[in-house]
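**Student:** Quick one: the structure is below, questions incoming.
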Amino acid sequence: MNQGETRGAKSPFTVIQSVTPPFIPPDAEVMTVVIEWPAGSPGAPPHRHPGGPAFGYVLEGEMLFELEGEAPRVIGAGEAFWEPGGDVIHYSDANNRDDGPLRFVVTMLCVPGQPMLVYVEPDELERLTDRRVPRSQH
């Protein structure tokens, strides 16, 4: 059967994201977490996922999402996102709203013995300011 087919019936599946990750470590494990940020939360400080890519889906609210080399963007409930992991900095997963919570689920590839998340030190952020793309004004 092709993706989305279910023996002649209308498919119950809706593809919201299809990507080819840059790498998957041979000894990777998979971890799925639900993250909840209260209204107006800045989210996690800038960080990396050294074990591999992360794939997410916003359950409720709006996330201000920013990855190294990409302009910040808002991802709303029902939308998916991903990040390549490795050395790429994840600058923002902030709650874009001040009137309600943000809830999202993330599935991350992790390598045993490595942390799933490593914070980026302020001096490194300062050195790498040229990697940030300004938010477009619409």
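Each chain in the structure tokens gets a letter, A, B, ..., in the order shown, and its residues are numbered from 1; ligands are numbered from 1 in order too.
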Please list as a PyMOL selection string every residue within 9 Å of Gly52 (chain A), counting only C-alpha atoms and excluding residues in the same chain fewer than 2 positions away.
**Tutor:** chain A and resi 21-25+28+49-50+54+83-86+108-111+116
**Student:** Quick one: everything within 12 Å of Tyr119 (chain A), counting only C-alpha atoms, minus sequence neighbours fewer than 2 positions away in the same chain. Send it as a list in words.
**Tutor:** Ala44, Pro45, Pro46, His47, Arg48, His49, Pro50, Asp87, Val88, Ile89, His90, Tyr91, Ser92, Pro115, Met116, Leu117, Glu121, Pro122, Asp123, Glu124 and Leu125 of chain A
**Student:** With N, CA, C and O atoms retained, could you export that selection as a PDB file, in the first residue's frame?
**Tutor:**
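Written output follows (selection_37.pdb):
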ATOM      1  N   ALA A  44      12.983  27.404  26.584  1.00  0.00           N
ATOM      2  CA  ALA A  44      14.328  26.956  26.954  1.00  0.00           C
ATOM      3  C   ALA A  44      15.363  27.946  26.431  1.00  0.00           C
ATOM      4  O   ALA A  44      15.192  28.529  25.353  1.00  0.00           O
ATOM      5  N   PRO A  45      16.456  28.125  27.162  1.00  0.00           N
ATOM      6  CA  PRO A  45      17.553  28.951  26.639  1.00  0.00           C
ATOM      7  C   PRO A  45      18.110  28.315  25.363  1.00  0.00           C
ATOM      8  O   PRO A  45      17.886  27.126  25.104  1.00  0.00           O
ATOM      9  N   PRO A  46      18.860  29.077  24.559  1.00  0.00           N
ATOM     10  CA  PRO A  46      19.455  28.503  23.346  1.00  0.00           C
ATOM     11  C   PRO A  46      20.206  27.210  23.669  1.00  0.00           C
ATOM     12  O   PRO A  46      20.929  27.125  24.660  1.00  0.00           O
ATOM     13  N   HIS A  47      20.009  26.209  22.813  1.00  0.00           N
ATOM     14  CA  HIS A  47      20.567  24.891  23.072  1.00  0.00           C
ATOM     15  C   HIS A  47      20.772  24.118  21.777  1.00  0.00           C
ATOM     16  O   HIS A  47      20.384  24.563  20.708  1.00  0.00           O
ATOM     17  N   ARG A  48      21.387  22.955  21.915  1.00  0.00           N
ATOM     18  CA  ARG A  48      21.588  22.011  20.823  1.00  0.00           C
ATOM     19  C   ARG A  48      21.079  20.646  21.274  1.00  0.00           C
ATOM     20  O   ARG A  48      21.016  20.362  22.463  1.00  0.00           O
ATOM     21  N   HIS A  49      20.780  19.801  20.290  1.00  0.00           N
ATOM     22  CA  HIS A  49      20.450  18.400  20.539  1.00  0.00           C
ATOM     23  C   HIS A  49      21.559  17.569  19.892  1.00  0.00           C
ATOM     24  O   HIS A  49      21.481  17.253  18.703  1.00  0.00           O
ATOM     25  N   PRO A  50      22.620  17.251  20.657  1.00  0.00           N
ATOM     26  CA  PRO A  50      23.792  16.613  20.051  1.00  0.00           C
ATOM     27  C   PRO A  50      23.555  15.202  19.530  1.00  0.00           C
ATOM     28  O   PRO A  50      24.272  14.748  18.645  1.00  0.00           O
ATOM     29  N   ASP A  87      25.127  20.061  15.708  1.00  0.00           N
ATOM     30  CA  ASP A  87      25.747  21.333  16.093  1.00  0.00           C
ATOM     31  C   ASP A  87      24.834  22.541  15.883  1.00  0.00           C
ATOM     32  O   ASP A  87      25.215  23.656  16.208  1.00  0.00           O
ATOM     33  N   VAL A  88      23.652  22.357  15.329  1.00  0.00           N
ATOM     34  CA  VAL A  88      22.745  23.467  15.022  1.00  0.00           C
ATOM     35  C   VAL A  88      22.122  23.998  16.310  1.00  0.00           C
ATOM     36  O   VAL A  88      21.611  23.239  17.134  1.00  0.00           O
ATOM     37  N   ILE A  89      22.157  25.328  16.472  1.00  0.00           N
ATOM     38  CA  ILE A  89      21.595  25.959  17.667  1.00  0.00           C
ATOM     39  C   ILE A  89      20.094  26.152  17.500  1.00  0.00           C
ATOM     40  O   ILE A  89      19.627  26.670  16.491  1.00  0.00           O
ATOM     41  N   HIS A  90      19.357  25.751  18.536  1.00  0.00           N
ATOM     42  CA  HIS A  90      17.915  26.016  18.618  1.00  0.00           C
ATOM     43  C   HIS A  90      17.783  27.220  19.552  1.00  0.00           C
ATOM     44  O   HIS A  90      17.915  27.094  20.760  1.00  0.00           O
ATOM     45  N   TYR A  91      17.554  28.409  18.958  1.00  0.00           N
ATOM     46  CA  TYR A  91      17.527  29.647  19.724  1.00  0.00           C
ATOM     47  C   TYR A  91      16.237  29.837  20.507  1.00  0.00           C
ATOM     48  O   TYR A  91      16.246  30.397  21.596  1.00  0.00           O
ATOM     49  N   SER A  92      15.094  29.435  19.947  1.00  0.00           N
ATOM     50  CA  SER A  92      13.832  29.755  20.613  1.00  0.00           C
ATOM     51  C   SER A  92      12.779  28.677  20.420  1.00  0.00           C
ATOM     52  O   SER A  92      12.579  28.180  19.309  1.00  0.00           O
ATOM     53  N   PRO A 115      23.933  13.883  26.619  1.00  0.00           N
ATOM     54  CA  PRO A 115      22.714  14.573  27.050  1.00  0.00           C
ATOM     55  C   PRO A 115      21.796  14.822  25.854  1.00  0.00           C
ATOM     56  O   PRO A 115      22.259  14.974  24.724  1.00  0.00           O
ATOM     57  N   MET A 116      20.484  14.843  26.088  1.00  0.00           N
ATOM     58  CA  MET A 116      19.544  15.100  24.994  1.00  0.00           C
ATOM     59  C   MET A 116      19.552  16.570  24.603  1.00  0.00           C
ATOM     60  O   MET A 116      19.146  16.922  23.509  1.00  0.00           O
ATOM     61  N   LEU A 117      20.031  17.430  25.514  1.00  0.00           N
ATOM     62  CA  LEU A 117      20.004  18.864  25.284  1.00  0.00           C
ATOM     63  C   LEU A 117      21.227  19.476  25.968  1.00  0.00           C
ATOM     64  O   LEU A 117      21.540  19.109  27.102  1.00  0.00           O
ATOM     65  N   GLU A 121      26.545  28.449  25.712  1.00  0.00           N
ATOM     66  CA  GLU A 121      27.069  29.463  26.623  1.00  0.00           C
ATOM     67  C   GLU A 121      26.957  30.862  26.005  1.00  0.00           C
ATOM     68  O   GLU A 121      27.062  31.014  24.775  1.00  0.00           O
ATOM     69  N   PRO A 122      26.745  31.896  26.844  1.00  0.00           N
ATOM     70  CA  PRO A 122      26.595  33.271  26.331  1.00  0.00           C
ATOM     71  C   PRO A 122      27.758  33.752  25.466  1.00  0.00           C
ATOM     72  O   PRO A 122      27.545  34.433  24.466  1.00  0.00           O
ATOM     73  N   ASP A 123      29.001  33.383  25.806  1.00  0.00           N
ATOM     74  CA  ASP A 123      30.137  33.836  24.994  1.00  0.00           C
ATOM     75  C   ASP A 123      30.096  33.222  23.593  1.00  0.00           C
ATOM     76  O   ASP A 123      30.442  33.872  22.607  1.00  0.00           O
ATOM     77  N   GLU A 124      29.648  31.970  23.481  1.00  0.00           N
ATOM     78  CA  GLU A 124      29.519  31.349  22.160  1.00  0.00           C
ATOM     79  C   GLU A 124      28.401  32.020  21.363  1.00  0.00           C
ATOM     80  O   GLU A 124      28.547  32.274  20.165  1.00  0.00           O
ATOM     81  N   LEU A 125      27.276  32.324  22.023  1.00  0.00           N
ATOM     82  CA  LEU A 125      26.183  33.034  21.338  1.00  0.00           C
ATOM     83  C   LEU A 125      26.671  34.361  20.782  1.00  0.00           C
ATOM     84  O   LEU A 125      26.330  34.741  19.664  1.00  0.00           O
TER      85      LEU A 125
END
**Student:** Between A:Glu60, A:Asp27, A:Glu79, A:Glu36, which one has atoms that come closest to Thr14 (chain A), using only C-alpha atoms?
**Tutor:** A:Glu79
**Student:** If you run DSSP over the backbone, which residues in region 4-138 of chain A end up helix (DSSP H, G or I)? Put them as a PyMOL selection string.
**Tutor:** chain A and resi 122-127+129-131
**Student:** Could you tell me how far CA of Phe104 (chain A) sits from CA of Leu64 (chain A), in Å to one decimal place?
**Tutor:**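 Separation of CA of Leu64 (chain A) and CA of Phe104 (chain A): 12.0 Å.
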